[in-house]
file my_file_15.cif (mmCIF, C-alpha atoms)
data_input
loop_
_atom_site.label_atom_id
_atom_site.label_comp_id
_atom_site.auth_asym_id
_atom_site.auth_seq_id
_atom_site.Cartn_x
_atom_site.Cartn_y
_atom_site.Cartn_z
CA MET A 1 0.00 0.00 0.00
CA ILE A 2 1.17 3.48 -0.76
CA ALA A 3 1.64 5.80 2.19
CA THR A 4 -1.16 8.22 1.50
CA ALA A 5 -2.64 10.49 4.12
CA ALA A 6 -5.13 7.74 4.84
CA SER A 7 -3.00 4.61 4.63
CA ALA A 8 0.47 5.20 6.06
CA GLY A 9 1.47 2.30 8.25
CA ALA A 10 4.13 -0.05 9.53
CA GLY A 11 5.25 -3.30 7.91
CA LEU A 12 4.94 -1.96 4.36
CA PRO A 13 7.67 -2.01 1.71
CA LEU A 14 10.06 0.88 2.30
CA ALA A 15 9.34 2.41 -1.08
CA ASP A 16 5.79 2.94 0.09
CA GLN A 17 6.50 3.95 3.69
CA CYS A 18 8.80 6.52 2.22
CA CYS A 19 11.71 7.39 2.32
CA ALA A 20 15.11 6.14 3.36
CA PRO A 21 17.67 8.95 3.52
CA LEU A 22 20.07 6.82 1.46
CA LEU A 23 22.49 9.61 0.65
CA ARG A 24 21.83 11.93 3.59
CA GLU A 25 22.75 9.80 6.61
CA PRO A 26 23.64 6.18 7.37
CA LEU A 27 20.68 3.82 6.98
CA SER A 28 19.67 1.75 9.98
CA ALA A 29 19.76 -2.02 9.58
CA ALA A 30 15.96 -2.08 9.40
CA GLN A 31 15.78 0.66 6.75
CA ALA A 32 18.44 -1.12 4.69
CA ALA A 33 16.57 -4.43 4.92
CA ASP A 34 13.32 -2.82 3.76
CA LEU A 35 14.92 -1.03 0.83
CA ALA A 36 16.86 -4.16 -0.17
CA ARG A 37 13.59 -6.10 -0.25
CA THR A 38 12.02 -3.62 -2.68
CA LEU A 39 15.12 -3.56 -4.90
CA LYS A 40 15.31 -7.37 -4.92
CA ALA A 41 11.77 -7.50 -6.28
CA LEU A 42 12.94 -5.38 -9.22
CA ALA A 43 16.43 -6.86 -9.64
CA ASP A 44 15.34 -9.60 -12.01
CA PRO A 45 15.36 -9.33 -15.81
CA THR A 46 11.93 -10.90 -16.27
CA ARG A 47 10.33 -8.68 -13.65
CA LEU A 48 11.93 -5.55 -15.13
CA ARG A 49 10.55 -6.54 -18.54
CA LEU A 50 7.13 -7.09 -16.98
CA VAL A 51 7.25 -3.60 -15.42
CA SER A 52 8.16 -2.03 -18.75
CA MET A 53 5.65 -4.11 -20.75
CA VAL A 54 2.73 -3.41 -18.42
CA ALA A 55 3.59 0.31 -18.26
CA ALA A 56 3.68 0.49 -22.05
CA HIS A 57 0.54 -1.63 -22.58
CA ASP A 58 -2.76 -0.17 -23.76
CA GLY A 59 -4.43 1.48 -20.80
CA GLY A 60 -1.39 0.88 -18.62
CA GLU A 61 -2.57 -2.54 -17.54
CA ALA A 62 -2.22 -6.11 -18.76
CA CYS A 63 -3.24 -9.64 -17.84
CA VAL A 64 -1.07 -12.76 -17.89
CA CYS A 65 -2.68 -13.58 -21.24
CA ASP A 66 -1.04 -10.48 -22.74
CA LEU A 67 2.41 -11.31 -21.41
CA THR A 68 3.14 -14.99 -22.06
CA GLU A 69 3.78 -14.71 -25.81
CA PRO A 70 6.16 -11.71 -25.83
CA LEU A 71 8.18 -13.13 -22.94
CA GLY A 72 8.17 -16.73 -24.16
CA LEU A 73 7.52 -17.99 -20.63
CA THR A 74 4.77 -20.16 -19.18
CA GLN A 75 1.78 -18.65 -17.46
CA PRO A 76 2.72 -20.07 -14.00
CA THR A 77 6.21 -18.54 -14.28
CA ILE A 78 4.82 -15.15 -15.21
CA SER A 79 2.17 -15.38 -12.49
CA HIS A 80 4.94 -16.00 -9.95
CA HIS A 81 6.85 -12.90 -11.06
CA LEU A 82 3.66 -10.81 -11.07
CA LYS A 83 2.95 -11.91 -7.49
CA VAL A 84 6.43 -10.79 -6.39
CA LEU A 85 5.78 -7.38 -7.94
CA VAL A 86 2.34 -7.10 -6.32
CA ASP A 87 3.75 -8.14 -2.92
CA ALA A 88 6.44 -5.43 -3.26
CA GLY A 89 3.78 -2.80 -3.96
CA ILE A 90 5.03 -2.18 -7.50
CA PHE A 91 1.95 -3.57 -9.28
CA SER A 92 -1.70 -3.43 -8.36
CA ARG A 93 -3.94 -6.39 -9.20
CA ASP A 94 -7.57 -6.14 -10.26
CA LYS A 95 -9.54 -9.34 -10.82
CA ARG A 96 -12.17 -8.96 -13.54
CA GLY A 97 -13.94 -12.07 -14.82
CA VAL A 98 -11.49 -14.90 -15.41
CA TRP A 99 -8.42 -12.69 -15.61
CA ALA A 100 -6.49 -10.53 -13.17
CA TYR A 101 -5.24 -7.25 -14.60
CA TYR A 102 -1.97 -5.77 -13.41
CA ALA A 103 -1.03 -2.09 -13.46
CA LEU A 104 2.02 -0.17 -12.33
CA ARG A 105 1.69 1.79 -9.08
CA PRO A 106 3.87 4.77 -10.00
CA GLN A 107 4.30 5.86 -6.37
CA ALA A 108 6.62 2.95 -5.61
CA LEU A 109 9.02 3.77 -8.45
CA GLN A 110 8.73 7.49 -7.71
CA ALA A 111 9.83 6.79 -4.14
CA LEU A 112 12.85 4.87 -5.43
CA ALA A 113 13.64 7.71 -7.83
CA ALA A 114 13.56 10.17 -4.93
CA ILE A 115 15.80 7.94 -2.79
CA PHE A 116 18.41 7.71 -5.54
CA ALA A 117 18.12 11.30 -6.72
CA GLU A 118 19.74 12.94 -3.70
CA ALA A 119 23.33 13.08 -4.88
CA PRO A 120 25.76 14.02 -2.11
CA GLY A 121 27.11 17.55 -2.05
CA GLY A 122 24.00 19.03 -3.61
CA ARG A 123 25.69 19.57 -6.96
CA PRO A 124 23.31 20.57 -9.73
CA ALA A 125 22.52 17.87 -12.28
CA SER A 126 24.45 19.78 -14.94
CA GLN A 127 27.68 19.03 -13.07
CA ARG A 128 27.06 15.33 -12.54
CA GLY A 129 28.25 14.04 -15.90
CA SER A 130 26.74 13.69 -19.31
CA LEU A 131 23.90 11.29 -18.63
CA ARG A 132 21.66 11.11 -21.63
CA ILE A 133 18.17 10.74 -20.22
CA MET B 1 32.79 3.62 -15.87
CA ILE B 2 30.32 6.41 -16.28
CA ALA B 3 29.25 7.25 -19.82
CA THR B 4 30.84 10.66 -20.16
CA ALA B 5 31.60 12.27 -23.46
CA ALA B 6 35.00 10.59 -23.30
CA SER B 7 34.15 7.15 -21.95
CA ALA B 8 30.82 5.93 -23.34
CA GLY B 9 31.13 2.31 -24.35
CA ALA B 10 29.62 -1.16 -24.52
CA GLY B 11 29.73 -3.83 -21.84
CA LEU B 12 29.26 -1.34 -19.01
CA PRO B 13 26.57 -1.46 -16.34
CA LEU B 14 23.34 -0.08 -17.75
CA ALA B 15 23.18 2.66 -15.14
CA ASP B 16 26.35 4.03 -16.69
CA GLN B 17 25.55 3.40 -20.34
CA CYS B 18 22.30 5.19 -19.68
CA CYS B 19 19.35 4.84 -19.91
CA ALA B 20 16.77 2.10 -20.16
CA PRO B 21 13.36 3.43 -21.10
CA LEU B 22 11.82 1.39 -18.27
CA LEU B 23 8.46 3.11 -18.31
CA ARG B 24 8.40 4.32 -21.90
CA GLU B 25 8.60 1.10 -23.92
CA PRO B 26 9.25 -2.59 -23.30
CA LEU B 27 12.86 -3.33 -22.34
CA SER B 28 14.81 -5.72 -24.48
CA ALA B 29 16.16 -8.86 -22.80
CA ALA B 30 19.68 -7.36 -22.88
CA GLN B 31 18.58 -4.04 -21.37
CA ALA B 32 16.66 -5.86 -18.64
CA ALA B 33 19.68 -8.05 -17.83
CA ASP B 34 21.97 -5.01 -17.54
CA LEU B 35 19.59 -3.08 -15.32
CA ALA B 36 18.94 -6.16 -13.16
CA ARG B 37 22.71 -6.52 -12.65
CA THR B 38 23.00 -2.95 -11.35
CA LEU B 39 19.97 -3.33 -9.08
CA LYS B 40 21.29 -6.65 -7.71
CA ALA B 41 24.49 -4.91 -6.65
CA LEU B 42 22.35 -2.53 -4.56
CA ALA B 43 19.70 -5.01 -3.40
CA ASP B 44 21.59 -6.09 -0.30
CA PRO B 45 21.19 -4.55 3.16
CA THR B 46 24.91 -4.39 3.89
CA ARG B 47 25.71 -2.79 0.55
CA LEU B 48 22.92 -0.24 0.96
CA ARG B 49 24.32 0.65 4.39
CA LEU B 50 27.78 0.97 2.86
CA VAL B 51 26.45 3.36 0.21
CA SER B 52 24.74 5.51 2.84
CA MET B 53 27.72 5.40 5.24
CA VAL B 54 30.29 6.33 2.61
CA ALA B 55 28.07 9.10 1.21
CA ALA B 56 27.63 10.56 4.72
CA HIS B 57 31.29 10.15 5.72
CA ASP B 58 33.68 13.09 6.09
CA GLY B 59 34.82 14.13 2.63
CA GLY B 60 32.39 11.68 1.00
CA GLU B 61 34.89 8.83 1.10
CA ALA B 62 35.87 6.08 3.51
CA CYS B 63 38.25 3.15 3.82
CA VAL B 64 37.48 -0.33 5.11
CA CYS B 65 39.03 0.77 8.42
CA ASP B 66 36.19 3.30 8.85
CA LEU B 67 33.45 0.76 8.14
CA THR B 68 34.17 -2.43 10.10
CA GLU B 69 33.18 -1.13 13.53
CA PRO B 70 29.83 0.53 12.69
CA LEU B 71 28.74 -2.48 10.62
CA GLY B 72 30.09 -5.12 13.01
CA LEU B 73 31.42 -7.19 10.12
CA THR B 74 34.89 -8.47 9.31
CA GLN B 75 37.19 -6.61 6.95
CA PRO B 76 37.11 -9.40 4.29
CA THR B 77 33.30 -9.36 4.29
CA ILE B 78 33.18 -5.60 3.86
CA SER B 79 35.89 -5.71 1.21
CA HIS B 80 33.80 -8.20 -0.76
CA HIS B 81 30.75 -5.93 -0.66
CA LEU B 82 32.86 -2.90 -1.60
CA LYS B 83 34.21 -4.81 -4.61
CA VAL B 84 30.66 -5.59 -5.78
CA LEU B 85 29.81 -1.89 -5.58
CA VAL B 86 32.98 -0.89 -7.44
CA ASP B 87 32.33 -3.50 -10.15
CA ALA B 88 28.79 -2.12 -10.58
CA GLY B 89 30.17 1.41 -11.03
CA ILE B 90 28.51 2.67 -7.86
CA PHE B 91 31.74 3.30 -5.94
CA SER B 92 35.12 4.54 -7.10
CA ARG B 93 38.27 3.16 -5.44
CA ASP B 94 41.42 5.20 -4.82
CA LYS B 95 44.46 3.42 -3.32
CA ARG B 96 46.51 5.72 -1.09
CA GLY B 97 49.23 4.22 1.08
CA VAL B 98 48.05 1.05 2.78
CA TRP B 99 44.35 1.80 2.43
CA ALA B 100 41.93 2.04 -0.47
CA TYR B 101 39.40 4.84 -0.20
CA TYR B 102 35.90 4.41 -1.59
CA ALA B 103 33.60 7.19 -2.76
CA LEU B 104 30.14 7.25 -4.26
CA ARG B 105 29.94 7.91 -8.00
CA PRO B 106 26.68 9.92 -8.02
CA GLN B 107 26.15 9.42 -11.75
CA ALA B 108 25.17 5.77 -11.29
CA LEU B 109 22.45 6.53 -8.76
CA GLN B 110 21.34 9.56 -10.75
CA ALA B 111 20.85 7.30 -13.76
CA LEU B 112 18.72 4.94 -11.67
CA ALA B 113 16.73 7.89 -10.35
CA ALA B 114 16.05 8.99 -13.93
CA ILE B 115 15.02 5.49 -14.98
CA PHE B 116 12.49 5.22 -12.15
CA ALA B 117 11.29 8.81 -12.32
CA GLU B 118 9.40 8.52 -15.58
CA ALA B 119 5.96 7.67 -14.28
CA PRO B 120 3.57 6.58 -17.02
CA GLY B 121 0.98 9.05 -18.24
CA GLY B 122 3.14 12.05 -17.53
CA ARG B 123 1.11 13.03 -14.49
CA PRO B 124 2.69 15.79 -12.42
CA ALA B 125 4.27 14.71 -9.13
CA SER B 126 1.53 16.51 -7.20
CA GLN B 127 -0.99 13.95 -8.47
CA ARG B 128 1.06 10.86 -7.66
CA GLY B 129 0.16 10.51 -3.98
CA SER B 130 1.49 11.99 -0.81
CA LEU B 131 5.10 10.82 -0.86
CA ARG B 132 7.00 12.62 1.85
CA ILE B 133 10.46 13.14 0.34
#
call {"tool": "encode", "arguments": {"input": "my_file_15.cif", "output": "structure tokens"}}
result
Amino acid sequence: MIATAASAGAGLPLADQCCAPLLREPLSAAQAADLARTLKALADPTRLRLVSMVAAHDGGEACVCDLTEPLGLTQPTISHHLKVLVDAGIFSRDKRGVWAYYALRPQALQALAAIFAEAPGGRPASQRGSLRI
Amino acid sequence: MIATAASAGAGLPLADQCCAPLLREPLSAAQAADLARTLKALADPTRLRLVSMVAAHDGGEACVCDLTEPLGLTQPTISHHLKVLVDAGIFSRDKRGVWAYYALRPQALQALAAIFAEAPGGRPASQRGSLRI
């Protein structure tokens, strides 16, 4: 669950509890464990492809039936990866009829972006290299 | 190595080659494998603590001798984790005298921040929830 005004709480993935001061001060062991858990959910090639495929899909959502052919994997394998992403708060899941539809929850990735964006020293982005975004 | 004007090249971590269009279009298998490799280097509680401790350390750099006591781990264990972070392009390593000094290379994390920051639909941040950054 995303930490909205109504739903902030304990025991949630760090990306949703928001936000480890990764580059501001040393993380506690508990903060590091929470953030590592979220990153582990993403640190898999198939799951990264699922994130990008679902985000780019019509309407921003997709069911397993949309994903098996482009990935060349079985439905149980893809369902397993989708469950990991749902459990990490990266995807939402909406059951409609015989299929469940998965959509990206942008807040989780936005929280990660914010955690990584705080470069030490406060140098402006223009001085940080020639990254071609 | 970071992809600067002088050093862009193949075979580097994706965060340095820059930049997977994670939320813009489906990743290729190769792009997903590269990004997963970078995220795996970070998806470990000890390595995340090392990143935050080195970034917060005096002068933005630290040697193994600065890190063993606060982490309560042996020097070989910390050296292993530091090597993983150097190999992923997240830390630089500068040998001076008997010690090697490690510093964060902000470009790598900035690239990750950019990859995660592109929420689908182009909604402004103010509409993405109540993340408290």
call {"tool": "interface_residues", "arguments": {"input": "my_file_15.cif", "of": "chain A", "to": "chain B", "cutoff": "6 Å", "atoms": "only C-alpha atoms", "output": "ChimeraX atom specification"}}
result
/A:4,22-23,25-27,32-33,36,39-40,43-45,48-49,52-53,55-56,106,109-110,113,116-117,119,130
call {"tool": "resolve_selection", "arguments": {"input": "my_file_15.cif", "expression": "the PyMOL selection byres ((chain A and resi 62) around 6)", "output": "PDB file with C-alpha atoms, in the coordinates of the input"}}
result
ATOM      1  CA  VAL A  54       2.730  -3.410 -18.420  1.00  0.00           C
ATOM      2  CA  GLU A  61      -2.570  -2.540 -17.540  1.00  0.00           C
ATOM      3  CA  CYS A  63      -3.240  -9.640 -17.840  1.00  0.00           C
ATOM      4  CA  TYR A 101      -5.240  -7.250 -14.600  1.00  0.00           C
ATOM      5  CA  TYR A 102      -1.970  -5.770 -13.410  1.00  0.00           C
TER       6      TYR A 102
END
call {"tool": "atom_distance", "arguments": {"input": "my_file_15.cif", "atom1": "CA of Ala100 in chain A", "atom2": "CA of Val64 in chain A"}}
result
7.5 Å
call {"tool": "atom_distance", "arguments": {"input": "my_file_15.cif", "atom1": "CA of Val84 in chain A", "atom2": "CA of His81 in chain B"}}
result
25.5 Å
call {"tool": "residues_around", "arguments": {"input": "my_file_15.cif", "residues": "Ile78 in chain B", "least_positions_apart": "3", "cutoff": "8 Å", "atoms": "all atoms listed in the file", "output": "list in words"}}
result
Val64, Leu67, Thr68, Leu73, Thr74, Gln75, His81 and Leu82 of chain B
call {"tool": "atom_distance", "arguments": {"input": "my_file_15.cif", "atom1": "CA of Ser79 in chain A", "atom2": "CA of Cys65 in chain A"}}
result
10.2 Å
